[in-house]
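Heads up, the thing below is written out as structure tokens.
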Amino acid sequence: MPVLVMKFGGTSVANLDRIRRVAKRVGVEVANGYDVIVIVSAMSGKTNELVGWVGETSPLYDAREYDAVVSSGENVTAGLMALTLQEMEIPARSWQGWQVPVKTSSAHSAARIVDIPPANIMAKFAEGMRVAVVAGFQGISPEGRITTLGRGGSDTTAVAFAAAMGAERCDIYTDVDGVYTTDPRISPKARKLDRIAYEEMLELASLGAKVLQTRSVELAMRYNVKLRVLSSFEEQSDGAGTLVCAEEEIMESKVVTGIAYSRDEAKMTLMSVADRPGIAAAIFGPLSEAGVNVDMIIQNISEEGRTDMTFSCPTEQVARAERALKSAVETGNINYSHLVADTDVAKISAVGIGMRSQSGVAAQMFRTLSNEGINIKVIATSEIKISVLIDRKYMELAVQALHDTFDLDKVG
Ligand code: ADP
Ligand code: ASP
Ligand code: MG
């Protein structure tokens with residue numbers, strides 16, 4: 001029988017009623033003739049609660065124990081979902097990551113899936129089981145410890161299963177009915193897209209659109225998984241939701257496809273560092289060794305052999321970045337007059353494959369922000385995106401203004 005992967009996020013399994021509701025949806029696909037792999041998230045709010053408990057118990061926690069605690073939310077949902085399906089007389093069984101096994105790297109709290117041997121689950125399907133309910137977000141390291149895949153990681157579990165099991169499709173059921181031109185919670189004018197190219201979805205996700213975890217899109221693109229995002233709260237018809245697919249399969253051609261934002265950015269400036277060969281390596285080497293994800297970088301014009309170096313990184317990594325830079329000063333590798341961390345910034349990005357062939361997008365973006373009186377602090381561009389850092393208080397305003405200027409509420 002063909003295999004279908006269906007993933008249900010936290011709000012879709014937030015309580016027993018909702019679990020029953022989505023189990024019915026699974027029942028429809030079983031009746032359609034599919035063997036179904038259901039990937040579940042923890043009930044909404046649960047993972048945050050578990051993360052909070054770990055932090056309260058041990059501020060500089062052991063990442064292996066973090067994973068032991070934080071992975072547990074998904075176990076509860078998987079068991080409850082299997083029970084619910086059994087109550088509906090659908091042969092179902094739950095699986096934790098290690099039982100499958102979902103083999104991952106040992107990078108605790110941000111592990112990567114390396115292999116999912118399909119044999120165990122396929123053998124159960126052959127015996128008549130119709131639904132394998134798998135706890136998302138978790139796996140097992142080569143050392144035999146439980147790992148987690150980073151926040152939002154159940155999306156990645158789902159796509160990885162679709163690739164490993166040769167599924168016909170991977171359906172991601174969530175609390176919105178597809179991928180929008182921007183977060184519909186920020187802009188009432190956001191428009192649902194029928195299709196979006198892998199490359200664009202990858203950029204939007206990595207720039208903050210949390211509707212899909214970045215790594216899940218990467219995997220879908222690499223293994224050509226047919227990926228659909230749709231609502232678990234609405235009756236579904238064929239062609240519902242948004243299909244994430246190859247660029248060639250898309251007719252709509254706007255220069256900009258979507259606007260993403262991220263409020264978890266910080267801007268760090270090292271004032272007055274020596275402008276000499278090797279200075280960038282001396283600064284960014286230790287940051288990288290400390291695991292700081294540096295995003296944008298600018299080096300200002302130098303005066304009298306001194307320059308300012310600015311970079312951005314996730315807010316939660318500011319303390320780590322400060323520690324790494326201070327120890328680089330102590331070992332005599334760099335020196336600066338002071339280090340300024342601005343944590344009240346947000347990153348806004350415009351994304352679209354049309355930018356490859358059309359110029360003027362950056363100018364239009366900067367003009368629009370200037371008309372709203374919004375100051376740009378840092379700029380970064382790549383082939384299909386332009387990102388700016390601005391004061392966080394202007395974040396919503398900037399998203400809406402850019403959505404308007406690029407006519408994203410209009411089709412075509
Ligand atoms: P789940 O719990 O189902 O995994 P998430 O909260 O992780 O759901 O992702 C869905 C959310 O992503 C939506 O509620 C929406 O606020 C947000 N989002 C951000 N950007 C977009 C976008 N461009 N299109 C749709 N949703 C978006
Ligand atoms: N429960 C995890 C989280 O909240 C994984 C997921 O929902 O995708 O990040
Ligand atoms: Mg999610």
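Following the order of the structure tokens, first chain is A, next is B, and so on, with residues numbered from 1 inside each chain and ligands from 1 in the order they appear.
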Shell of 7 Å around ligand 3 (only C-alpha atoms and all ligand atoms), written as a PDB file with N, CA and C atoms, in the first residue's frame:
ATOM      1  N   GLY A   9       1.109  19.421  14.503  1.00  0.00           N
ATOM      2  CA  GLY A   9       1.840  20.298  15.415  1.00  0.00           C
ATOM      3  C   GLY A   9       1.119  20.448  16.753  1.00  0.00           C
ATOM      4  N   GLY A 152      10.854  23.150  16.810  1.00  0.00           N
ATOM      5  CA  GLY A 152      10.142  22.971  15.540  1.00  0.00           C
ATOM      6  C   GLY A 152      10.566  21.698  14.804  1.00  0.00           C
ATOM      7  N   ASP A 155       8.730  18.851  12.273  1.00  0.00           N
ATOM      8  CA  ASP A 155       8.595  19.009  10.813  1.00  0.00           C
ATOM      9  C   ASP A 155       9.684  18.188  10.125  1.00  0.00           C
ATOM     10  N   LYS A 210       8.294  30.564  11.069  1.00  0.00           N
ATOM     11  CA  LYS A 210       8.451  29.282  11.758  1.00  0.00           C
ATOM     12  C   LYS A 210       7.435  28.217  11.348  1.00  0.00           C
ATOM     13  N   VAL A 211       6.685  28.491  10.285  1.00  0.00           N
ATOM     14  CA  VAL A 211       5.680  27.524   9.843  1.00  0.00           C
ATOM     15  C   VAL A 211       6.317  26.184   9.469  1.00  0.00           C
ATOM     16  N   LEU A 212       7.569  26.190   9.000  1.00  0.00           N
ATOM     17  CA  LEU A 212       8.315  24.942   8.772  1.00  0.00           C
ATOM     18  C   LEU A 212       9.721  25.117   9.330  1.00  0.00           C
ATOM     19  N   GLN A 213      10.257  24.058   9.960  1.00  0.00           N
ATOM     20  CA  GLN A 213      11.645  24.161  10.423  1.00  0.00           C
ATOM     21  C   GLN A 213      12.562  24.159   9.193  1.00  0.00           C
TER      22      GLN A 213
END
**Prompt:** Taking only C-alpha atoms and all ligand atoms into account, which residues are within 6 Å of ligand 1, as an MDAnalysis selection string?
**Reply:** chainID A and resid 9:11 152 174:176 178:183 185 209:211
**Message:** What does the list of residues within 8 Å of ligand 2 look like if you count only C-alpha atoms and all ligand atoms, written as a PyMOL selection string?
**Reply:** chain A and resi 9-10+40-48+71+73-74+136-137+149-156+213
Got time to write the residues from that selection, N, CA, C and O atoms, as a tab-separated table (two decimals), in the first residue's frame?
chain	number	residue	atom	x	y	z
A	9	GLY	N	1.11	19.42	14.50
A	9	GLY	CA	1.84	20.30	15.41
A	9	GLY	C	1.12	20.45	16.75
A	9	GLY	O	0.01	19.94	16.94
A	10	GLY	N	1.77	21.16	17.66
A	10	GLY	CA	1.30	21.30	19.04
A	10	GLY	C	-0.14	21.75	19.20
A	10	GLY	O	-0.90	21.15	19.98
A	40	VAL	N	3.82	13.21	15.59
A	40	VAL	CA	3.17	14.16	16.50
A	40	VAL	C	4.17	15.02	17.25
A	40	VAL	O	5.27	14.59	17.58
A	41	SER	N	3.73	16.27	17.52
A	41	SER	CA	4.46	17.17	18.42
A	41	SER	C	3.92	16.99	19.82
A	41	SER	O	2.90	16.33	20.03
A	42	ALA	N	4.58	17.63	20.77
A	42	ALA	CA	4.04	17.71	22.13
A	42	ALA	C	2.80	18.60	22.12
A	42	ALA	O	2.65	19.44	21.24
A	43	MET	N	1.91	18.40	23.09
A	43	MET	CA	0.74	19.28	23.20
A	43	MET	C	1.24	20.73	23.36
A	43	MET	O	2.26	20.96	24.01
A	44	SER	N	0.50	21.69	22.80
A	44	SER	CA	1.04	23.05	22.73
A	44	SER	C	1.38	23.58	24.13
A	44	SER	O	0.64	23.36	25.09
A	45	GLY	N	2.49	24.26	24.23
A	45	GLY	CA	2.94	24.82	25.51
A	45	GLY	C	3.80	23.85	26.31
A	45	GLY	O	4.55	24.26	27.20
A	46	LYS	N	3.69	22.55	26.01
A	46	LYS	CA	4.38	21.54	26.82
A	46	LYS	C	5.91	21.66	26.71
A	46	LYS	O	6.62	21.66	27.72
A	47	THR	N	6.40	21.79	25.46
A	47	THR	CA	7.86	21.86	25.30
A	47	THR	C	8.41	23.10	26.00
A	47	THR	O	9.45	23.02	26.67
A	48	ASN	N	7.71	24.23	25.88
A	48	ASN	CA	8.17	25.44	26.59
A	48	ASN	C	8.24	25.21	28.08
A	48	ASN	O	9.18	25.65	28.76
A	71	SER	N	12.40	15.94	25.31
A	71	SER	CA	11.82	15.02	24.32
A	71	SER	C	10.54	14.36	24.83
A	71	SER	O	9.80	13.77	24.06
A	73	GLY	N	7.65	15.35	25.96
A	73	GLY	CA	6.31	15.83	25.58
A	73	GLY	C	5.73	15.04	24.42
A	73	GLY	O	4.54	14.70	24.40
A	74	GLU	N	6.55	14.73	23.46
A	74	GLU	CA	6.10	14.01	22.26
A	74	GLU	C	5.69	12.58	22.60
A	74	GLU	O	4.81	12.01	21.94
A	136	GLY	N	7.64	12.93	17.27
A	136	GLY	CA	8.52	13.79	16.48
A	136	GLY	C	9.63	14.37	17.34
A	136	GLY	O	9.67	14.15	18.56
A	137	PHE	N	10.58	15.07	16.68
A	137	PHE	CA	11.52	15.94	17.40
A	137	PHE	C	12.64	15.18	18.11
A	137	PHE	O	13.51	15.80	18.68
A	149	LEU	N	15.96	17.59	18.02
A	149	LEU	CA	16.36	18.13	16.72
A	149	LEU	C	16.30	19.64	16.64
A	149	LEU	O	16.38	20.19	15.54
A	150	GLY	N	16.14	20.35	17.76
A	150	GLY	CA	15.97	21.80	17.71
A	150	GLY	C	14.49	22.14	17.64
A	150	GLY	O	13.68	21.34	17.15
A	151	ARG	N	14.13	23.35	18.11
A	151	ARG	CA	12.72	23.72	18.19
A	151	ARG	C	12.06	23.65	16.80
A	151	ARG	O	12.65	24.01	15.80
A	152	GLY	N	10.85	23.15	16.81
A	152	GLY	CA	10.14	22.97	15.54
A	152	GLY	C	10.57	21.70	14.80
A	152	GLY	O	10.18	21.47	13.66
A	153	GLY	N	11.34	20.84	15.49
A	153	GLY	CA	11.97	19.70	14.83
A	153	GLY	C	11.05	18.59	14.36
A	153	GLY	O	11.47	17.76	13.55
A	154	SER	N	9.80	18.58	14.79
A	154	SER	CA	8.89	17.53	14.31
A	154	SER	C	8.64	17.63	12.81
A	154	SER	O	8.38	16.63	12.15
A	155	ASP	N	8.73	18.85	12.27
A	155	ASP	CA	8.59	19.01	10.81
A	155	ASP	C	9.68	18.19	10.13
A	155	ASP	O	9.44	17.52	9.12
A	156	THR	N	10.89	18.27	10.69
A	156	THR	CA	12.02	17.56	10.09
A	156	THR	C	11.86	16.05	10.24
A	156	THR	O	12.16	15.29	9.31
A	213	GLN	N	10.26	24.06	9.96
A	213	GLN	CA	11.64	24.16	10.42
A	213	GLN	C	12.56	24.16	9.19
A	213	GLN	O	12.34	23.40	8.24
**Prompt:** So, counting only C-alpha atoms, which residue among A:Ala164, A:Ile172, A:Ala321, A:Met271 is closest to Val114 of chain A?
**Reply:** A:Ala164
**Prompt:** DSSP says alpha helix (DSSP H) for which residues of segment 35-208 of chain A? Put them as number ranges by chain?
**Reply:** A: 46-57, 63-70, 72-87, 119-126, 154-165, 198-206
**Prompt:** To one decimal place, how far is atom CA of Arg191 of chain A from atom CA of Asp407 of chain A in Å?
**Reply:**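 Taking atom CA of Arg191 of chain A and atom CA of Asp407 of chain A, their separation equals 10.4 Å.
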**Shell around Lys254 of chain A at 12 Å using only C-alpha atoms, local window under 5 positions removed, as a ChimeraX atom specification** = /A:181,193,196,200,350-358,361,406-412
**Asked** Of the candidates A:Leu325, A:Val294, A:Ile250, A:Leu287, which shows the shortest atom-to-atom distance to Leu270 of chain A, using only C-alpha atoms?
**Response**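 Of A:Leu325, A:Val294, A:Ile250, A:Leu287, the one nearest Leu270 of chain A, counting only C-alpha atoms, is A:Leu325.
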Produce a table with one row for each residue of segment 140-166 of chain A that has an atom at most 9 Å from any atom of segment 98-102 of chain A, each row naming the nearest atom pair and its distance in Å at one decimal; use only C-alpha atoms; arrange rows by chain and rising residue number; format as a Markdown table.
| residue | atom | partner | partner_atom | distance |
| --- | --- | --- | --- | --- |
| A:Ile140 | CA | A:Trp98 | CA | 5.2 |
| A:Ser141 | CA | A:Val102 | CA | 8.8 |
| A:Gly144 | CA | A:Trp98 | CA | 8.4 |
| A:Arg145 | CA | A:Trp98 | CA | 8.8 |
| A:Ile146 | CA | A:Trp98 | CA | 7.2 |
| A:Thr157 | CA | A:Val102 | CA | 8.5 |
Could you please take those selected residues and save C-alpha atoms as a PDB file, in the first residue's frame?
ATOM      1  CA  ILE A 140      19.055   8.438  19.320  1.00  0.00           C
ATOM      2  CA  SER A 141      22.762   9.305  19.136  1.00  0.00           C
ATOM      3  CA  GLY A 144      22.753   5.526  22.627  1.00  0.00           C
ATOM      4  CA  ARG A 145      21.459   8.739  24.250  1.00  0.00           C
ATOM      5  CA  ILE A 146      18.153  10.442  23.392  1.00  0.00           C
ATOM      6  CA  THR A 157      11.077  14.186  11.549  1.00  0.00           C
TER       7      THR A 157
END
**Message:** Residues within 10 Å of Cys313 of chain A, please, as a PyMOL selection string. Count only C-alpha atoms; anything in the same chain fewer than 3 positions from it doesn't count.
**Reply:** chain A and resi 264-268+292-297+316-318+321+343
Quick one: write out the picked residues with N, CA, C and O atoms as a PDB file, in the first residue's frame?
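File again08.pdb, as written:
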ATOM      1  N   ASP A 264      14.325  37.588  17.378  1.00  0.00           N
ATOM      2  CA  ASP A 264      15.368  37.096  18.291  1.00  0.00           C
ATOM      3  C   ASP A 264      16.774  37.445  17.824  1.00  0.00           C
ATOM      4  O   ASP A 264      17.664  36.620  17.853  1.00  0.00           O
ATOM      5  N   GLU A 265      16.954  38.658  17.335  1.00  0.00           N
ATOM      6  CA  GLU A 265      18.275  39.031  16.838  1.00  0.00           C
ATOM      7  C   GLU A 265      18.929  40.037  17.771  1.00  0.00           C
ATOM      8  O   GLU A 265      18.246  40.837  18.392  1.00  0.00           O
ATOM      9  N   ALA A 266      20.247  40.002  17.843  1.00  0.00           N
ATOM     10  CA  ALA A 266      20.969  41.022  18.586  1.00  0.00           C
ATOM     11  C   ALA A 266      22.066  41.573  17.694  1.00  0.00           C
ATOM     12  O   ALA A 266      22.589  40.866  16.839  1.00  0.00           O
ATOM     13  N   LYS A 267      22.369  42.865  17.915  1.00  0.00           N
ATOM     14  CA  LYS A 267      23.436  43.494  17.136  1.00  0.00           C
ATOM     15  C   LYS A 267      24.583  43.795  18.095  1.00  0.00           C
ATOM     16  O   LYS A 267      24.397  44.446  19.116  1.00  0.00           O
ATOM     17  N   MET A 268      25.752  43.282  17.782  1.00  0.00           N
ATOM     18  CA  MET A 268      26.919  43.464  18.658  1.00  0.00           C
ATOM     19  C   MET A 268      27.955  44.303  17.913  1.00  0.00           C
ATOM     20  O   MET A 268      28.256  44.022  16.755  1.00  0.00           O
ATOM     21  N   VAL A 292      28.609  30.331  18.364  1.00  0.00           N
ATOM     22  CA  VAL A 292      27.751  31.493  18.099  1.00  0.00           C
ATOM     23  C   VAL A 292      27.436  31.530  16.604  1.00  0.00           C
ATOM     24  O   VAL A 292      28.338  31.463  15.777  1.00  0.00           O
ATOM     25  N   ASN A 293      26.140  31.609  16.278  1.00  0.00           N
ATOM     26  CA  ASN A 293      25.731  31.662  14.872  1.00  0.00           C
ATOM     27  C   ASN A 293      25.727  33.107  14.396  1.00  0.00           C
ATOM     28  O   ASN A 293      24.724  33.796  14.507  1.00  0.00           O
ATOM     29  N   VAL A 294      26.849  33.547  13.874  1.00  0.00           N
ATOM     30  CA  VAL A 294      26.944  34.923  13.372  1.00  0.00           C
ATOM     31  C   VAL A 294      26.220  34.991  12.034  1.00  0.00           C
ATOM     32  O   VAL A 294      26.358  34.109  11.199  1.00  0.00           O
ATOM     33  N   ASP A 295      25.410  36.051  11.869  1.00  0.00           N
ATOM     34  CA  ASP A 295      24.643  36.167  10.636  1.00  0.00           C
ATOM     35  C   ASP A 295      25.202  37.302   9.786  1.00  0.00           C
ATOM     36  O   ASP A 295      26.018  37.095   8.905  1.00  0.00           O
ATOM     37  N   MET A 296      24.794  38.549  10.094  1.00  0.00           N
ATOM     38  CA  MET A 296      25.277  39.662   9.270  1.00  0.00           C
ATOM     39  C   MET A 296      26.576  40.204   9.860  1.00  0.00           C
ATOM     40  O   MET A 296      26.771  40.176  11.070  1.00  0.00           O
ATOM     41  N   ILE A 297      27.433  40.742   8.992  1.00  0.00           N
ATOM     42  CA  ILE A 297      28.697  41.337   9.478  1.00  0.00           C
ATOM     43  C   ILE A 297      28.937  42.643   8.720  1.00  0.00           C
ATOM     44  O   ILE A 297      28.767  42.686   7.502  1.00  0.00           O
ATOM     45  N   GLU A 316      19.737  34.892  22.283  1.00  0.00           N
ATOM     46  CA  GLU A 316      20.089  33.948  23.347  1.00  0.00           C
ATOM     47  C   GLU A 316      21.584  33.610  23.357  1.00  0.00           C
ATOM     48  O   GLU A 316      22.076  32.999  24.303  1.00  0.00           O
ATOM     49  N   GLN A 317      22.312  34.021  22.302  1.00  0.00           N
ATOM     50  CA  GLN A 317      23.744  33.705  22.262  1.00  0.00           C
ATOM     51  C   GLN A 317      24.626  34.890  22.645  1.00  0.00           C
ATOM     52  O   GLN A 317      25.853  34.800  22.574  1.00  0.00           O
ATOM     53  N   VAL A 318      24.004  36.014  23.066  1.00  0.00           N
ATOM     54  CA  VAL A 318      24.782  37.212  23.380  1.00  0.00           C
ATOM     55  C   VAL A 318      25.790  36.946  24.502  1.00  0.00           C
ATOM     56  O   VAL A 318      26.971  37.296  24.390  1.00  0.00           O
ATOM     57  N   ALA A 321      28.640  34.966  23.238  1.00  0.00           N
ATOM     58  CA  ALA A 321      29.505  35.768  22.360  1.00  0.00           C
ATOM     59  C   ALA A 321      30.397  36.682  23.205  1.00  0.00           C
ATOM     60  O   ALA A 321      31.604  36.794  22.962  1.00  0.00           O
ATOM     61  N   THR A 343      20.072  44.538  22.021  1.00  0.00           N
ATOM     62  CA  THR A 343      19.185  43.377  21.903  1.00  0.00           C
ATOM     63  C   THR A 343      17.754  43.786  21.531  1.00  0.00           C
ATOM     64  O   THR A 343      16.865  42.944  21.470  1.00  0.00           O
TER      65      THR A 343
END
**Request:** Would you mind telling me which residue in A:Leu402, A:Ser272, A:Ala328, A:Ala197 lies nearest to Val340 of chain A when using only C-alpha atoms?
**Result:**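 Between A:Leu402, A:Ser272, A:Ala328, A:Ala197, the residue approaching Val340 of chain A most closely is A:Ser272.
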**Message:** Applying 12 Å and only C-alpha atoms, which residues near Lys124 of chain A remain after dropping the ones on its own chain fewer than 3 positions away? List them as a list in words.
**Reply:**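 Counting only C-alpha atoms, the residues come to Asp35, Val36, Ile37, Pro91, Ala92, Arg93, Ser94, Trp95, Val100, Pro118, Ala119, Asn120, Ile121, Glu127, Gly128, Met129, Arg130, Val131, Ala132 and Val133 of chain A.
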**Prompt:** By how many Å are atom CA of Val217 of chain A and atom CA of Ala380 of chain A apart?
**Reply:**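 So the two atoms, atom CA of Val217 of chain A and atom CA of Ala380 of chain A, lie 22.0 Å apart.
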**Asked** When you draw a straight line from atom CA of Arg195 of chain A to atom CA of Thr405 of chain A, how long is it in Å?
**Response**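 Result for atom CA of Arg195 of chain A versus atom CA of Thr405 of chain A: 21.4 Å, one decimal.
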**Asked** Tell me, which residues of segment 150-213 of chain A carry DSSP strand (DSSP E), written as a list of chain:residue names?
**Response**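 Restricting segment 150-213 of chain A to strand (DSSP E) produces A:Arg169, A:Cys170, A:Asp171, A:Ile172, A:Tyr173, A:Thr174, A:Arg195, A:Ile196, A:Ala197.
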Output of the above residues as a PDB file, in the first residue's frame, restricted to all heavy atoms:
ATOM      1  N   ARG A 169       3.533  11.456  -0.134  1.00  0.00           N
ATOM      2  CA  ARG A 169       3.470  12.879   0.199  1.00  0.00           C
ATOM      3  C   ARG A 169       3.708  13.055   1.688  1.00  0.00           C
ATOM      4  O   ARG A 169       3.509  12.119   2.478  1.00  0.00           O
ATOM      5  CB  ARG A 169       2.068  13.398  -0.137  1.00  0.00           C
ATOM      6  CG  ARG A 169       2.015  14.830  -0.601  1.00  0.00           C
ATOM      7  CD  ARG A 169       0.625  15.243  -1.044  1.00  0.00           C
ATOM      8  NE  ARG A 169      -0.366  14.973  -0.023  1.00  0.00           N
ATOM      9  CZ  ARG A 169      -1.445  14.225  -0.230  1.00  0.00           C
ATOM     10  NH1 ARG A 169      -1.675  13.662  -1.404  1.00  0.00           N
ATOM     11  NH2 ARG A 169      -2.310  14.029   0.751  1.00  0.00           N
ATOM     12  N   CYS A 170       4.115  14.273   2.067  1.00  0.00           N
ATOM     13  CA  CYS A 170       4.259  14.599   3.487  1.00  0.00           C
ATOM     14  C   CYS A 170       3.339  15.782   3.773  1.00  0.00           C
ATOM     15  O   CYS A 170       3.554  16.881   3.264  1.00  0.00           O
ATOM     16  CB  CYS A 170       5.719  14.958   3.769  1.00  0.00           C
ATOM     17  SG  CYS A 170       6.027  15.380   5.487  1.00  0.00           S
ATOM     18  N   ASP A 171       2.290  15.542   4.547  1.00  0.00           N
ATOM     19  CA  ASP A 171       1.332  16.606   4.874  1.00  0.00           C
ATOM     20  C   ASP A 171       1.610  17.153   6.270  1.00  0.00           C
ATOM     21  O   ASP A 171       1.585  16.410   7.250  1.00  0.00           O
ATOM     22  CB  ASP A 171      -0.101  16.057   4.822  1.00  0.00           C
ATOM     23  CG  ASP A 171      -0.583  15.833   3.390  1.00  0.00           C
ATOM     24  OD1 ASP A 171       0.053  16.382   2.464  1.00  0.00           O
ATOM     25  OD2 ASP A 171      -1.588  15.118   3.199  1.00  0.00           O
ATOM     26  N   ILE A 172       1.869  18.463   6.353  1.00  0.00           N
ATOM     27  CA  ILE A 172       2.146  19.106   7.637  1.00  0.00           C
ATOM     28  C   ILE A 172       0.878  19.839   8.065  1.00  0.00           C
ATOM     29  O   ILE A 172       0.521  20.873   7.485  1.00  0.00           O
ATOM     30  CB  ILE A 172       3.309  20.125   7.508  1.00  0.00           C
ATOM     31  CG1 ILE A 172       4.566  19.477   6.910  1.00  0.00           C
ATOM     32  CG2 ILE A 172       3.581  20.827   8.840  1.00  0.00           C
ATOM     33  CD1 ILE A 172       5.389  18.648   7.841  1.00  0.00           C
ATOM     34  N   TYR A 173       0.173  19.284   9.043  1.00  0.00           N
ATOM     35  CA  TYR A 173      -1.059  19.913   9.535  1.00  0.00           C
ATOM     36  C   TYR A 173      -0.722  20.869  10.669  1.00  0.00           C
ATOM     37  O   TYR A 173      -0.045  20.507  11.623  1.00  0.00           O
ATOM     38  CB  TYR A 173      -2.033  18.852  10.049  1.00  0.00           C
ATOM     39  CG  TYR A 173      -2.714  18.077   8.944  1.00  0.00           C
ATOM     40  CD1 TYR A 173      -2.113  16.961   8.379  1.00  0.00           C
ATOM     41  CD2 TYR A 173      -3.957  18.486   8.461  1.00  0.00           C
ATOM     42  CE1 TYR A 173      -2.733  16.252   7.364  1.00  0.00           C
ATOM     43  CE2 TYR A 173      -4.589  17.783   7.444  1.00  0.00           C
ATOM     44  CZ  TYR A 173      -3.977  16.674   6.903  1.00  0.00           C
ATOM     45  OH  TYR A 173      -4.589  15.978   5.896  1.00  0.00           O
ATOM     46  N   THR A 174      -1.190  22.128  10.541  1.00  0.00           N
ATOM     47  CA  THR A 174      -0.854  23.111  11.554  1.00  0.00           C
ATOM     48  C   THR A 174      -2.055  24.007  11.851  1.00  0.00           C
ATOM     49  O   THR A 174      -3.191  23.630  11.542  1.00  0.00           O
ATOM     50  CB  THR A 174       0.407  23.896  11.106  1.00  0.00           C
ATOM     51  OG1 THR A 174       0.763  24.829  12.116  1.00  0.00           O
ATOM     52  CG2 THR A 174       0.199  24.617   9.783  1.00  0.00           C
ATOM     53  N   ARG A 195       1.294  27.636  -4.061  1.00  0.00           N
ATOM     54  CA  ARG A 195       2.570  26.937  -4.211  1.00  0.00           C
ATOM     55  C   ARG A 195       3.706  27.846  -3.816  1.00  0.00           C
ATOM     56  O   ARG A 195       3.611  29.069  -3.981  1.00  0.00           O
ATOM     57  CB  ARG A 195       2.785  26.528  -5.675  1.00  0.00           C
ATOM     58  CG  ARG A 195       1.857  25.433  -6.099  1.00  0.00           C
ATOM     59  CD  ARG A 195       1.942  25.152  -7.570  1.00  0.00           C
ATOM     60  NE  ARG A 195       1.030  24.057  -7.854  1.00  0.00           N
ATOM     61  CZ  ARG A 195       1.366  22.936  -8.474  1.00  0.00           C
ATOM     62  NH1 ARG A 195       2.597  22.766  -8.913  1.00  0.00           N
ATOM     63  NH2 ARG A 195       0.489  21.977  -8.659  1.00  0.00           N
ATOM     64  N   ILE A 196       4.786  27.269  -3.343  1.00  0.00           N
ATOM     65  CA  ILE A 196       6.004  28.048  -3.085  1.00  0.00           C
ATOM     66  C   ILE A 196       7.197  27.156  -3.418  1.00  0.00           C
ATOM     67  O   ILE A 196       7.145  25.940  -3.193  1.00  0.00           O
ATOM     68  CB  ILE A 196       6.046  28.578  -1.621  1.00  0.00           C
ATOM     69  CG1 ILE A 196       7.269  29.474  -1.428  1.00  0.00           C
ATOM     70  CG2 ILE A 196       6.065  27.448  -0.597  1.00  0.00           C
ATOM     71  CD1 ILE A 196       7.215  30.322  -0.147  1.00  0.00           C
ATOM     72  N   ALA A 197       8.251  27.765  -3.983  1.00  0.00           N
ATOM     73  CA  ALA A 197       9.434  26.986  -4.377  1.00  0.00           C
ATOM     74  C   ALA A 197      10.247  26.615  -3.136  1.00  0.00           C
ATOM     75  O   ALA A 197      10.301  27.377  -2.172  1.00  0.00           O
ATOM     76  CB  ALA A 197      10.294  27.790  -5.340  1.00  0.00           C
TER      77      ALA A 197
END
**Asked** Contacts of segment 25-30 of chain A at 9 Å or less, counting only C-alpha atoms, minus same-chain residues fewer than 5 places along, as a VMD selection string?
**Response** chain A and resid 4 6 20 35 to 36 38 85 88 90 130 to 131 232 235 to 236
Name the residues in contact with Asn371 of chain A at a cut-off of 12 Å, using only C-alpha atoms, excluding same-chain residues fewer than 2 positions from it; report them as a PDB file with C-alpha atoms, in the first residue's frame.
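The result, written out as result.pdb:
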ATOM      1  CA  GLN A 364      12.357  49.964  -3.165  1.00  0.00           C
ATOM      2  CA  MET A 365      12.719  48.259   0.224  1.00  0.00           C
ATOM      3  CA  PHE A 366      14.976  51.004   1.615  1.00  0.00           C
ATOM      4  CA  ARG A 367      12.718  53.769   0.250  1.00  0.00           C
ATOM      5  CA  THR A 368       9.655  52.189   1.845  1.00  0.00           C
ATOM      6  CA  LEU A 369      11.326  51.919   5.247  1.00  0.00           C
ATOM      7  CA  GLY A 373      10.796  56.868   9.282  1.00  0.00           C
ATOM      8  CA  ILE A 374      12.460  53.533  10.090  1.00  0.00           C
ATOM      9  CA  ASN A 375      16.243  53.583  10.393  1.00  0.00           C
ATOM     10  CA  ILE A 376      18.196  50.649   8.946  1.00  0.00           C
ATOM     11  CA  LEU A 397       5.050  48.393  10.819  1.00  0.00           C
ATOM     12  CA  ALA A 398       7.974  47.383   8.589  1.00  0.00           C
ATOM     13  CA  ALA A 401       4.739  48.462   4.767  1.00  0.00           C
ATOM     14  CA  LEU A 402       6.907  46.030   2.782  1.00  0.00           C
ATOM     15  CA  THR A 405       4.928  48.038  -1.392  1.00  0.00           C
TER      16      THR A 405
END
**Request:** Go through A:Ile386, A:Val69, A:Ala167, A:Ala246 and flag the residue nearest Met122 of chain A, using only C-alpha atoms for the distances.
**Result:** A:Ala167
**Message:** Taking only C-alpha atoms into account, name the residue in A:Arg323, A:Lys347, A:Arg18, A:His108 that is nearest to Val399 of chain A.
**Reply:**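 Using only C-alpha atoms, the shortest distance to Val399 of chain A belongs to A:Lys347.
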**Prompt:** Looking at A:Thr147, A:Thr214, A:Ser105, A:Ser370, which one is nearest to Val159 of chain A, with distances taken over only C-alpha atoms?
**Reply:** A:Thr214
